[in-house]
Amino acid sequence: MRPSNRLSDATTSWRYIVKGDQYAERASNPDCMNAGVSFFSCVTTCAEVCCSGATMITIDEIVRLYRYFPITVGFRKYTPLDAGHRDFFDTIGERFGSIYVAGDFIAGNWRRRLCAMLMVNNHCRLHDTDRKPMQCRIVPFCAVFPESAQHMVLVHQQAGAFRKCKGFAAGSESGAIVWDAGRIVNEDIREPFYRYREGMVRQRRFLQAILDGLKQQPSFERFLSGSGMLEAAVPSAMLPELLRVAGMKKEHFGDFAAAQAKLCRRDLELTPGAAVFQDWLLELQAFARSLEVSAEGRA
Ligand code: SF4
Ligand code: SF4
């Protein structure tokens with residue numbers, strides 16, 4: 001049997017999820033609130049729908065994925081659903097009036113039409129490994145929203161970014177229940193769902209420090225008043241502590257710098273003018289100098 005090739009569409013989902021007020025709208029929709037059961041089963045044949053661009057990852061996945069994707073950070077705006085959701089955002093983000101800004105690490109280049117790990121046969125190169133990103137394992141759920149509200153996420157995805165996804169129909173036909181009465185019933189999804197949420201809490205201090213720097217820039221006001229995501233490179237000075245907390249041994253720091261610089265150059269060729277990769281390359285070169293190795297990894 002063909003393995004499930006569950007995928008994520010980080011870019012499109014972001015643009016959708018950014019509009020948190022739409023979730024609030026759905027929260028007040030009785031049809032949605034009364035939905036007791038949700039069906040979904042990934043059919044893999046439509047991976048190009050959900051597997052474009054970048055994927056959100058946590059600090060706990062950096063060690064597993066740094067050789068595969070260039071890793072940057074992205075901040076998005078959210079409107080909490082209720083007081084409990086607000087409490088969660090207080091632990092992962094910063095409040096600006098009625099909205100919150102929270103960030104994730106981004107594996108990959110959302111400017112590309114398809115994820116670099118998607119093969120021509122629509123299978124994920126990482127699927128049968130322990131490297132498959134958690135976000136890709138939980139799609140179309142979204143870990144930024146509480147487990148009890150995931151039926152709203154599914155409704156939202158089905159109407160928007162995942163409208164061409166065949167998984168909802170396939171799940172209904174086969175009776176594959178994934179969410180029931182406030183709980184994700186599929187443990188293969190529930191377990192990474194909560195690990196992703198834990199990761200967001202663990203990485204908060206790093207992302208907050210990056211956000212504090214971004215707040216000083218003119219683009220931040222535009223981001224707050226507009227739509228979309230604010231993307232940035234990780235400052236080189238932060239990397240030793242970030243990588244230590246991510247679980248990387250110091251002797252691998254040079255390899256990290258070299259692998260990321262190589263991926264950065266590749267993506268700069270594919271998407272010239274992507275300023276975040278130019279910034280990331282400069283930060284990696286500074287990091288490599290601090291380690292007394294070149295960004296190509298030679299001492
Ligand atoms: S890592 Fe795999 S599942 Fe995730 S977006 Fe890329 S190809 Fe798809
Ligand atoms: S069924 Fe949905 S999640 Fe699965 S490959 Fe198709 S679009 Fe992606």
# chains A, B, ... in the order shown; residues from 1 in each chain; ligands from 1
$ select_by_dssp --residues "stretch 80-167 of chain A" --states "strand (DSSP E or B)" --output "list in words"
Gly93, Glu94, Arg95, Phe96, Ile99, Tyr100, Val101, Ala102, Gly103, Asp104, Phe105, Ile106, Ala107, Leu118 and Cys124 of chain A
$ closest_atom_pairs --of "chain A" --to "ligand 2" --cutoff "10 Å" --atoms "only C-alpha atoms and all ligand atoms" --output "JSON lines"
{"residue": "A:Ser4", "atom": "CA", "partner": "ligand 2", "partner_atom_place_in_ligand_line": "4 (Fe)", "distance": 7.6}
{"residue": "A:Asn5", "atom": "CA", "partner": "ligand 2", "partner_atom_place_in_ligand_line": "5 (S)", "distance": 6.1}
{"residue": "A:Arg6", "atom": "CA", "partner": "ligand 2", "partner_atom_place_in_ligand_line": "4 (Fe)", "distance": 5.0}
{"residue": "A:Leu7", "atom": "CA", "partner": "ligand 2", "partner_atom_place_in_ligand_line": "8 (Fe)", "distance": 5.0}
{"residue": "A:Ser8", "atom": "CA", "partner": "ligand 2", "partner_atom_place_in_ligand_line": "8 (Fe)", "distance": 6.7}
{"residue": "A:Asp9", "atom": "CA", "partner": "ligand 2", "partner_atom_place_in_ligand_line": "8 (Fe)", "distance": 8.1}
{"residue": "A:Phe40", "atom": "CA", "partner": "ligand 2", "partner_atom_place_in_ligand_line": "1 (S)", "distance": 8.1}
{"residue": "A:Ser41", "atom": "CA", "partner": "ligand 2", "partner_atom_place_in_ligand_line": "1 (S)", "distance": 6.6}
{"residue": "A:Cys42", "atom": "CA", "partner": "ligand 2", "partner_atom_place_in_ligand_line": "4 (Fe)", "distance": 3.7}
{"residue": "A:Val43", "atom": "CA", "partner": "ligand 2", "partner_atom_place_in_ligand_line": "1 (S)", "distance": 4.5}
{"residue": "A:Thr44", "atom": "CA", "partner": "ligand 2", "partner_atom_place_in_ligand_line": "5 (S)", "distance": 3.7}
{"residue": "A:Thr45", "atom": "CA", "partner": "ligand 2", "partner_atom_place_in_ligand_line": "5 (S)", "distance": 5.7}
{"residue": "A:Cys46", "atom": "CA", "partner": "ligand 2", "partner_atom_place_in_ligand_line": "6 (Fe)", "distance": 3.8}
{"residue": "A:Ala47", "atom": "CA", "partner": "ligand 2", "partner_atom_place_in_ligand_line": "5 (S)", "distance": 3.6}
{"residue": "A:Glu48", "atom": "CA", "partner": "ligand 2", "partner_atom_place_in_ligand_line": "7 (S)", "distance": 6.9}
{"residue": "A:Val49", "atom": "CA", "partner": "ligand 2", "partner_atom_place_in_ligand_line": "7 (S)", "distance": 4.8}
{"residue": "A:Cys50", "atom": "CA", "partner": "ligand 2", "partner_atom_place_in_ligand_line": "8 (Fe)", "distance": 4.5}
{"residue": "A:Cys51", "atom": "CA", "partner": "ligand 2", "partner_atom_place_in_ligand_line": "8 (Fe)", "distance": 6.7}
{"residue": "A:Ser52", "atom": "CA", "partner": "ligand 2", "partner_atom_place_in_ligand_line": "8 (Fe)", "distance": 9.9}
{"residue": "A:Asn122", "atom": "CA", "partner": "ligand 2", "partner_atom_place_in_ligand_line": "5 (S)", "distance": 8.1}
{"residue": "A:His123", "atom": "CA", "partner": "ligand 2", "partner_atom_place_in_ligand_line": "5 (S)", "distance": 8.8}
{"residue": "A:Cys124", "atom": "CA", "partner": "ligand 2", "partner_atom_place_in_ligand_line": "5 (S)", "distance": 9.8}
{"residue": "A:Cys136", "atom": "CA", "partner": "ligand 2", "partner_atom_place_in_ligand_line": "3 (S)", "distance": 8.5}
{"residue": "A:Arg137", "atom": "CA", "partner": "ligand 2", "partner_atom_place_in_ligand_line": "3 (S)", "distance": 9.4}
{"residue": "A:Ile138", "atom": "CA", "partner": "ligand 2", "partner_atom_place_in_ligand_line": "3 (S)", "distance": 9.2}
{"residue": "A:Val139", "atom": "CA", "partner": "ligand 2", "partner_atom_place_in_ligand_line": "3 (S)", "distance": 6.3}
{"residue": "A:Pro140", "atom": "CA", "partner": "ligand 2", "partner_atom_place_in_ligand_line": "3 (S)", "distance": 6.4}
{"residue": "A:Phe141", "atom": "CA", "partner": "ligand 2", "partner_atom_place_in_ligand_line": "3 (S)", "distance": 9.9}
{"residue": "A:Gln157", "atom": "CA", "partner": "ligand 2", "partner_atom_place_in_ligand_line": "2 (Fe)", "distance": 10.0}
{"residue": "A:Gln158", "atom": "CA", "partner": "ligand 2", "partner_atom_place_in_ligand_line": "2 (Fe)", "distance": 9.4}
{"residue": "A:Ala161", "atom": "CA", "partner": "ligand 2", "partner_atom_place_in_ligand_line": "7 (S)", "distance": 9.2}
{"residue": "A:Phe162", "atom": "CA", "partner": "ligand 2", "partner_atom_place_in_ligand_line": "7 (S)", "distance": 6.3}
{"residue": "A:Arg163", "atom": "CA", "partner": "ligand 2", "partner_atom_place_in_ligand_line": "7 (S)", "distance": 8.4}
{"residue": "A:Lys164", "atom": "CA", "partner": "ligand 2", "partner_atom_place_in_ligand_line": "7 (S)", "distance": 6.5}
{"residue": "A:Cys165", "atom": "CA", "partner": "ligand 2", "partner_atom_place_in_ligand_line": "7 (S)", "distance": 3.7}
{"residue": "A:Lys166", "atom": "CA", "partner": "ligand 2", "partner_atom_place_in_ligand_line": "1 (S)", "distance": 4.5}
{"residue": "A:Gly167", "atom": "CA", "partner": "ligand 2", "partner_atom_place_in_ligand_line": "1 (S)", "distance": 3.7}
{"residue": "A:Phe168", "atom": "CA", "partner": "ligand 2", "partner_atom_place_in_ligand_line": "1 (S)", "distance": 7.2}
{"residue": "A:Ala169", "atom": "CA", "partner": "ligand 2", "partner_atom_place_in_ligand_line": "1 (S)", "distance": 8.8}
{"residue": "A:Ala170", "atom": "CA", "partner": "ligand 2", "partner_atom_place_in_ligand_line": "1 (S)", "distance": 7.9}
{"residue": "A:Gly171", "atom": "CA", "partner": "ligand 2", "partner_atom_place_in_ligand_line": "1 (S)", "distance": 9.2}
$ write_last_selection --atoms "N, CA and C atoms" --output "CSV table (one decimal), in the first residue's frame"
chain,number,residue,atom,x,y,z
A,4,SER,N,1.2,6.9,3.4
A,4,SER,CA,0.6,8.3,3.4
A,4,SER,C,1.7,9.3,3.2
A,5,ASN,N,1.4,10.3,2.5
A,5,ASN,CA,2.4,11.3,2.1
A,5,ASN,C,1.9,12.7,2.5
A,6,ARG,N,1.5,12.7,3.8
A,6,ARG,CA,0.8,13.9,4.3
A,6,ARG,C,1.8,15.1,4.2
A,7,LEU,N,1.2,16.2,3.7
A,7,LEU,CA,2.1,17.3,3.3
A,7,LEU,C,1.5,18.6,3.9
A,8,SER,N,2.3,19.6,3.8
A,8,SER,CA,1.8,20.9,4.3
A,8,SER,C,2.0,22.0,3.2
A,9,ASP,N,1.2,22.9,3.3
A,9,ASP,CA,1.3,24.1,2.4
A,9,ASP,C,1.5,25.3,3.3
A,40,PHE,N,-11.0,12.8,7.7
A,40,PHE,CA,-9.9,13.1,6.8
A,40,PHE,C,-9.0,11.9,6.6
A,41,SER,N,-8.5,11.7,5.3
A,41,SER,CA,-7.6,10.7,5.1
A,41,SER,C,-6.7,11.1,3.9
A,42,CYS,N,-5.4,11.3,4.1
A,42,CYS,CA,-4.6,11.8,3.0
A,42,CYS,C,-4.5,10.7,1.9
A,43,VAL,N,-4.7,11.2,0.7
A,43,VAL,CA,-4.7,10.2,-0.5
A,43,VAL,C,-3.4,10.4,-1.3
A,44,THR,N,-2.6,11.3,-1.0
A,44,THR,CA,-1.2,11.5,-1.6
A,44,THR,C,-1.2,12.0,-3.1
A,45,THR,N,-2.3,11.8,-3.8
A,45,THR,CA,-2.2,12.0,-5.2
A,45,THR,C,-2.3,13.5,-5.5
A,46,CYS,N,-2.6,14.3,-4.6
A,46,CYS,CA,-2.8,15.8,-4.8
A,46,CYS,C,-1.7,16.6,-4.0
A,47,ALA,N,-0.6,16.0,-3.8
A,47,ALA,CA,0.4,16.6,-3.0
A,47,ALA,C,0.8,18.0,-3.4
A,48,GLU,N,0.7,18.3,-4.7
A,48,GLU,CA,1.1,19.6,-5.2
A,48,GLU,C,0.2,20.7,-4.5
A,49,VAL,N,-0.9,20.3,-4.1
A,49,VAL,CA,-1.8,21.3,-3.4
A,49,VAL,C,-1.3,21.7,-2.1
A,50,CYS,N,-0.8,20.8,-1.3
A,50,CYS,CA,-0.4,21.1,0.1
A,50,CYS,C,1.1,21.1,0.3
A,51,CYS,N,1.9,20.9,-0.7
A,51,CYS,CA,3.3,20.7,-0.5
A,51,CYS,C,4.1,21.8,-1.2
A,52,SER,N,3.6,23.0,-1.3
A,52,SER,CA,4.3,24.0,-2.0
A,52,SER,C,5.0,24.9,-1.0
A,122,ASN,N,5.3,12.7,-6.6
A,122,ASN,CA,4.4,13.3,-5.5
A,122,ASN,C,4.7,12.7,-4.1
A,123,HIS,N,5.7,12.0,-3.9
A,123,HIS,CA,6.1,11.5,-2.6
A,123,HIS,C,7.1,12.4,-2.0
A,124,CYS,N,7.0,12.4,-0.6
A,124,CYS,CA,7.9,13.2,0.1
A,124,CYS,C,9.2,12.4,0.4
A,136,CYS,N,4.2,18.7,8.7
A,136,CYS,CA,3.7,17.9,7.6
A,136,CYS,C,3.0,16.7,8.1
A,137,ARG,N,3.3,16.3,9.3
A,137,ARG,CA,2.6,15.1,9.9
A,137,ARG,C,1.2,15.5,10.4
A,138,ILE,N,1.0,16.7,10.7
A,138,ILE,CA,-0.3,17.1,11.4
A,138,ILE,C,-1.3,17.8,10.4
A,139,VAL,N,-0.8,18.1,9.2
A,139,VAL,CA,-1.6,18.8,8.3
A,139,VAL,C,-2.9,17.9,7.9
A,140,PRO,N,-4.0,18.5,7.8
A,140,PRO,CA,-4.4,19.9,7.7
A,140,PRO,C,-4.8,20.5,9.1
A,141,PHE,N,-4.4,19.9,10.2
A,141,PHE,CA,-4.6,20.6,11.5
A,141,PHE,C,-3.5,21.7,11.6
A,157,GLN,N,-9.7,25.2,6.4
A,157,GLN,CA,-8.7,24.7,5.4
A,157,GLN,C,-9.5,24.2,4.2
A,158,GLN,N,-10.6,23.5,4.5
A,158,GLN,CA,-11.4,22.9,3.4
A,158,GLN,C,-11.9,24.0,2.5
A,161,ALA,N,-7.2,27.1,1.7
A,161,ALA,CA,-6.0,26.6,1.1
A,161,ALA,C,-6.1,25.2,0.7
A,162,PHE,N,-6.9,24.4,1.3
A,162,PHE,CA,-7.0,23.0,1.0
A,162,PHE,C,-8.3,22.6,0.2
A,163,ARG,N,-8.8,23.6,-0.5
A,163,ARG,CA,-10.1,23.3,-1.2
A,163,ARG,C,-9.9,22.2,-2.3
A,164,LYS,N,-8.7,22.1,-2.8
A,164,LYS,CA,-8.5,21.1,-3.8
A,164,LYS,C,-7.9,19.8,-3.2
A,165,CYS,N,-7.8,19.7,-1.9
A,165,CYS,CA,-7.3,18.5,-1.2
A,165,CYS,C,-8.4,17.5,-1.3
A,166,LYS,N,-8.0,16.3,-1.6
A,166,LYS,CA,-9.0,15.2,-1.8
A,166,LYS,C,-9.2,14.4,-0.5
A,167,GLY,N,-8.4,14.8,0.6
A,167,GLY,CA,-8.4,14.0,1.8
A,167,GLY,C,-9.7,14.1,2.6
A,168,PHE,N,-10.4,15.2,2.5
A,168,PHE,CA,-11.7,15.4,3.2
A,168,PHE,C,-12.7,14.4,2.7
A,169,ALA,N,-12.8,14.4,1.3
A,169,ALA,CA,-13.8,13.5,0.7
A,169,ALA,C,-13.4,12.0,1.0
A,170,ALA,N,-12.1,11.7,0.8
A,170,ALA,CA,-11.6,10.3,1.0
A,170,ALA,C,-11.9,9.9,2.5
A,171,GLY,N,-11.7,10.8,3.4
A,171,GLY,CA,-12.0,10.5,4.8
A,171,GLY,C,-13.4,10.2,5.1
$ residues_around --residues "stretch 59-74 of chain A" --least-positions-apart "6" --cutoff "9 Å" --atoms "only C-alpha atoms" --output "ChimeraX atom specification"
/A:102-109,116-117,130-134,195-196,199-200,202-203,207,210,229-234,242-243,245-248,255-256,259-264,267,276-277,280
$ select_by_dssp --residues "stretch 50-180 of chain A" --states "alpha helix (DSSP H)" --output "compact mmCIF listing (two decimals) with N, CA and C atoms, in the first residue's frame"
# COMPACT_ATOMS: atom_id res chain seq x y z
N CYS A 50 -0.76 20.77 -1.33
CA CYS A 50 -0.41 21.08 0.07
C CYS A 50 1.08 21.11 0.31
N ILE A 62 15.52 21.47 14.12
CA ILE A 62 16.62 22.10 13.38
C ILE A 62 17.75 21.10 13.12
N VAL A 63 18.11 20.33 14.14
CA VAL A 63 19.23 19.40 13.98
C VAL A 63 18.90 18.37 12.90
N ARG A 64 17.68 17.92 12.86
CA ARG A 64 17.29 16.89 11.88
C ARG A 64 17.21 17.43 10.46
N LEU A 65 16.97 18.74 10.33
CA LEU A 65 16.62 19.26 9.00
C LEU A 65 17.59 20.26 8.40
N ALA A 83 -10.25 33.19 25.78
CA ALA A 83 -9.27 33.50 26.84
C ALA A 83 -8.17 32.44 26.93
N GLY A 84 -8.55 31.17 26.78
CA GLY A 84 -7.56 30.10 26.86
C GLY A 84 -6.55 30.21 25.72
N HIS A 85 -7.05 30.55 24.56
CA HIS A 85 -6.17 30.70 23.40
C HIS A 85 -5.25 31.91 23.60
N ARG A 86 -5.79 32.94 24.25
CA ARG A 86 -4.97 34.12 24.55
C ARG A 86 -3.84 33.74 25.50
N ASP A 87 -4.15 32.90 26.48
CA ASP A 87 -3.11 32.45 27.42
C ASP A 87 -1.99 31.74 26.67
N PHE A 88 -2.37 30.91 25.69
CA PHE A 88 -1.35 30.20 24.91
C PHE A 88 -0.48 31.20 24.14
N PHE A 89 -1.13 32.16 23.52
CA PHE A 89 -0.35 33.15 22.77
C PHE A 89 0.55 33.96 23.70
N ASP A 90 0.13 34.15 24.95
CA ASP A 90 1.01 34.85 25.90
C ASP A 90 2.30 34.06 26.14
N THR A 91 2.25 32.74 25.94
CA THR A 91 3.46 31.93 26.16
C THR A 91 4.30 31.79 24.90
N ILE A 92 3.75 32.13 23.74
CA ILE A 92 4.55 31.94 22.50
C ILE A 92 4.76 33.23 21.71
N MET A 134 7.18 17.92 11.66
CA MET A 134 5.95 17.68 12.43
C MET A 134 4.76 18.36 11.77
N GLN A 135 4.99 19.57 11.23
CA GLN A 135 3.88 20.27 10.59
C GLN A 135 3.30 19.43 9.44
N CYS A 136 4.18 18.73 8.74
CA CYS A 136 3.72 17.89 7.63
C CYS A 136 2.98 16.66 8.14
N ARG A 137 3.27 16.26 9.35
CA ARG A 137 2.58 15.09 9.92
C ARG A 137 1.20 15.46 10.43
N ILE A 138 0.99 16.73 10.75
CA ILE A 138 -0.30 17.07 11.35
C ILE A 138 -1.27 17.75 10.39
N GLN A 150 -9.96 22.41 16.58
CA GLN A 150 -9.41 21.96 15.29
C GLN A 150 -10.49 21.69 14.24
N HIS A 151 -11.71 21.47 14.68
CA HIS A 151 -12.78 21.30 13.67
C HIS A 151 -12.94 22.60 12.88
N MET A 152 -12.73 23.73 13.56
CA MET A 152 -12.82 25.01 12.84
C MET A 152 -11.66 25.15 11.86
N VAL A 153 -10.49 24.69 12.27
CA VAL A 153 -9.33 24.73 11.37
C VAL A 153 -9.63 23.91 10.13
N LEU A 154 -10.20 22.71 10.33
CA LEU A 154 -10.49 21.85 9.19
C LEU A 154 -11.51 22.49 8.25
N VAL A 155 -12.54 23.08 8.84
CA VAL A 155 -13.55 23.74 8.00
C VAL A 155 -12.90 24.87 7.21
N HIS A 156 -12.05 25.59 7.91
CA HIS A 156 -11.37 26.72 7.29
C HIS A 156 -10.43 26.26 6.16
N GLN A 157 -9.67 25.23 6.43
CA GLN A 157 -8.75 24.71 5.42
C GLN A 157 -9.51 24.21 4.20
N GLN A 158 -10.59 23.51 4.49
CA GLN A 158 -11.38 22.89 3.41
C GLN A 158 -11.95 23.96 2.48
N ALA A 159 -12.27 25.11 3.08
CA ALA A 159 -12.85 26.18 2.25
C ALA A 159 -11.78 27.03 1.59
N GLY A 167 -8.39 14.79 0.56
CA GLY A 167 -8.40 14.04 1.81
C GLY A 167 -9.70 14.13 2.59
N PHE A 168 -10.41 15.24 2.49
CA PHE A 168 -11.66 15.37 3.24
C PHE A 168 -12.72 14.41 2.66
N ALA A 169 -12.80 14.39 1.32
CA ALA A 169 -13.76 13.48 0.68
C ALA A 169 -13.37 12.03 0.95
N ALA A 170 -12.08 11.74 0.83
CA ALA A 170 -11.62 10.35 1.04
C ALA A 170 -11.90 9.91 2.48
N GLY A 171 -11.71 10.82 3.43
CA GLY A 171 -11.96 10.49 4.83
C GLY A 171 -13.43 10.23 5.09
N SER A 172 -14.29 11.04 4.46
CA SER A 172 -15.73 10.85 4.65
C SER A 172 -16.18 9.50 4.08
N GLU A 173 -15.62 9.18 2.89
CA GLU A 173 -16.01 7.91 2.25
C GLU A 173 -15.54 6.69 3.05
N SER A 174 -14.36 6.81 3.59
CA SER A 174 -13.80 5.64 4.29
C SER A 174 -14.13 5.63 5.79
$ residues_around --residues "A:Pro240" --least-positions-apart "2" --cutoff "12 Å" --atoms "only C-alpha atoms" --output "PyMOL selection string"
chain A and resi 206+234-238+242-254+256-257+284+286-288+290-291
$ write_last_selection --atoms "N, CA and C atoms" --output "PDB file, in the first residue's frame"
ATOM      1  N   PHE A 206      14.034  32.846  21.815  1.00  0.00           N
ATOM      2  CA  PHE A 206      14.839  33.184  20.646  1.00  0.00           C
ATOM      3  C   PHE A 206      14.022  34.029  19.657  1.00  0.00           C
ATOM      4  N   VAL A 234      18.243  34.388  11.231  1.00  0.00           N
ATOM      5  CA  VAL A 234      18.655  34.292  12.634  1.00  0.00           C
ATOM      6  C   VAL A 234      19.977  35.040  12.789  1.00  0.00           C
ATOM      7  N   PRO A 235      20.086  35.961  13.752  1.00  0.00           N
ATOM      8  CA  PRO A 235      21.354  36.681  13.944  1.00  0.00           C
ATOM      9  C   PRO A 235      22.480  35.722  14.328  1.00  0.00           C
ATOM     10  N   SER A 236      23.657  35.976  13.777  1.00  0.00           N
ATOM     11  CA  SER A 236      24.784  35.062  14.036  1.00  0.00           C
ATOM     12  C   SER A 236      25.109  34.962  15.523  1.00  0.00           C
ATOM     13  N   ALA A 237      24.964  36.081  16.250  1.00  0.00           N
ATOM     14  CA  ALA A 237      25.319  36.069  17.673  1.00  0.00           C
ATOM     15  C   ALA A 237      24.413  35.132  18.480  1.00  0.00           C
ATOM     16  N   MET A 238      23.238  34.870  17.944  1.00  0.00           N
ATOM     17  CA  MET A 238      22.288  34.012  18.656  1.00  0.00           C
ATOM     18  C   MET A 238      22.549  32.522  18.390  1.00  0.00           C
ATOM     19  N   LEU A 242      21.276  29.098  20.404  1.00  0.00           N
ATOM     20  CA  LEU A 242      20.132  28.466  19.738  1.00  0.00           C
ATOM     21  C   LEU A 242      20.451  27.013  19.374  1.00  0.00           C
ATOM     22  N   LEU A 243      21.609  26.807  18.789  1.00  0.00           N
ATOM     23  CA  LEU A 243      21.963  25.446  18.362  1.00  0.00           C
ATOM     24  C   LEU A 243      22.209  24.550  19.567  1.00  0.00           C
ATOM     25  N   ARG A 244      22.740  25.124  20.633  1.00  0.00           N
ATOM     26  CA  ARG A 244      22.934  24.318  21.854  1.00  0.00           C
ATOM     27  C   ARG A 244      21.575  23.854  22.392  1.00  0.00           C
ATOM     28  N   VAL A 245      20.633  24.782  22.482  1.00  0.00           N
ATOM     29  CA  VAL A 245      19.296  24.412  22.979  1.00  0.00           C
ATOM     30  C   VAL A 245      18.602  23.460  21.999  1.00  0.00           C
ATOM     31  N   ALA A 246      18.910  23.601  20.722  1.00  0.00           N
ATOM     32  CA  ALA A 246      18.322  22.691  19.713  1.00  0.00           C
ATOM     33  C   ALA A 246      18.898  21.278  19.820  1.00  0.00           C
ATOM     34  N   GLY A 247      19.988  21.144  20.583  1.00  0.00           N
ATOM     35  CA  GLY A 247      20.551  19.805  20.797  1.00  0.00           C
ATOM     36  C   GLY A 247      21.755  19.488  19.935  1.00  0.00           C
ATOM     37  N   MET A 248      22.365  20.521  19.337  1.00  0.00           N
ATOM     38  CA  MET A 248      23.520  20.271  18.463  1.00  0.00           C
ATOM     39  C   MET A 248      24.819  20.385  19.249  1.00  0.00           C
ATOM     40  N   LYS A 249      25.725  19.451  19.008  1.00  0.00           N
ATOM     41  CA  LYS A 249      27.039  19.522  19.646  1.00  0.00           C
ATOM     42  C   LYS A 249      27.876  20.600  18.957  1.00  0.00           C
ATOM     43  N   LYS A 250      28.751  21.220  19.751  1.00  0.00           N
ATOM     44  CA  LYS A 250      29.540  22.337  19.220  1.00  0.00           C
ATOM     45  C   LYS A 250      30.385  21.925  18.018  1.00  0.00           C
ATOM     46  N   GLU A 251      30.844  20.697  18.015  1.00  0.00           N
ATOM     47  CA  GLU A 251      31.702  20.277  16.892  1.00  0.00           C
ATOM     48  C   GLU A 251      30.935  20.202  15.562  1.00  0.00           C
ATOM     49  N   HIS A 252      29.613  20.299  15.627  1.00  0.00           N
ATOM     50  CA  HIS A 252      28.824  20.278  14.390  1.00  0.00           C
ATOM     51  C   HIS A 252      28.428  21.685  13.925  1.00  0.00           C
ATOM     52  N   PHE A 253      28.809  22.704  14.687  1.00  0.00           N
ATOM     53  CA  PHE A 253      28.411  24.070  14.320  1.00  0.00           C
ATOM     54  C   PHE A 253      28.964  24.452  12.934  1.00  0.00           C
ATOM     55  N   GLY A 254      30.202  24.071  12.673  1.00  0.00           N
ATOM     56  CA  GLY A 254      30.807  24.395  11.376  1.00  0.00           C
ATOM     57  C   GLY A 254      30.062  23.718  10.238  1.00  0.00           C
ATOM     58  N   PHE A 256      26.934  22.915  10.286  1.00  0.00           N
ATOM     59  CA  PHE A 256      25.673  23.641  10.156  1.00  0.00           C
ATOM     60  C   PHE A 256      25.866  24.870   9.264  1.00  0.00           C
ATOM     61  N   ALA A 257      26.905  25.654   9.575  1.00  0.00           N
ATOM     62  CA  ALA A 257      27.141  26.890   8.814  1.00  0.00           C
ATOM     63  C   ALA A 257      27.378  26.565   7.336  1.00  0.00           C
ATOM     64  N   LEU A 284      25.560  33.662   8.425  1.00  0.00           N
ATOM     65  CA  LEU A 284      26.285  32.378   8.460  1.00  0.00           C
ATOM     66  C   LEU A 284      27.780  32.591   8.295  1.00  0.00           C
ATOM     67  N   ALA A 286      29.397  35.264   9.184  1.00  0.00           N
ATOM     68  CA  ALA A 286      29.879  35.826  10.456  1.00  0.00           C
ATOM     69  C   ALA A 286      29.997  34.719  11.509  1.00  0.00           C
ATOM     70  N   PHE A 287      29.032  33.822  11.509  1.00  0.00           N
ATOM     71  CA  PHE A 287      29.060  32.703  12.463  1.00  0.00           C
ATOM     72  C   PHE A 287      30.277  31.813  12.197  1.00  0.00           C
ATOM     73  N   ALA A 288      30.497  31.534  10.899  1.00  0.00           N
ATOM     74  CA  ALA A 288      31.637  30.683  10.538  1.00  0.00           C
ATOM     75  C   ALA A 288      32.948  31.351  10.956  1.00  0.00           C
ATOM     76  N   SER A 290      33.376  33.332  13.418  1.00  0.00           N
ATOM     77  CA  SER A 290      33.509  33.227  14.882  1.00  0.00           C
ATOM     78  C   SER A 290      33.979  31.827  15.288  1.00  0.00           C
ATOM     79  N   LEU A 291      33.714  30.861  14.431  1.00  0.00           N
ATOM     80  CA  LEU A 291      34.162  29.488  14.718  1.00  0.00           C
ATOM     81  C   LEU A 291      35.534  29.222  14.117  1.00  0.00           C
TER      82      LEU A 291
END
$ closest_residue --among "A:Gln285, A:Asn186, A:Ser219, A:Thr55" --to "ligand 1" --atoms "only C-alpha atoms and all ligand atoms"
A:Thr55
$ closest_residue --among "A:Asp212, A:Asp128, A:Asp279, A:Glu187" --to "ligand 1" --atoms "only C-alpha atoms and all ligand atoms"
A:Asp128
$ closest_residue --among "A:Phe39, A:Phe193, A:Phe75, A:Phe145" --to "A:Ala176" --atoms "only C-alpha atoms"
A:Phe39
$ closest_residue --among "A:Arg76, A:Ile57, A:Asn121, A:Leu126" --to "A:Ser225" --atoms "only C-alpha atoms"
A:Arg76
$ atom_distance --atom1 "atom CA of A:Ala181" --atom2 "atom CA of A:Glu198"
22.7 Å
$ atom_distance --atom1 "atom CA of A:Ser227" --atom2 "atom CA of A:Lys77"
8.2 Å
$ atom_distance --atom1 "atom CA of A:Ser38" --atom2 "atom CA of A:Ile177"
5.8 Å
$ closest_residue --among "A:Gly36, A:Trp110, A:Thr58, A:Glu147" --to "ligand 1" --atoms "only C-alpha atoms and all ligand atoms"
A:Trp110
$ closest_residue --among "A:Met119, A:Ala149, A:Leu224, A:Arg197" --to "A:Ser98" --atoms "only C-alpha atoms"
A:Leu224
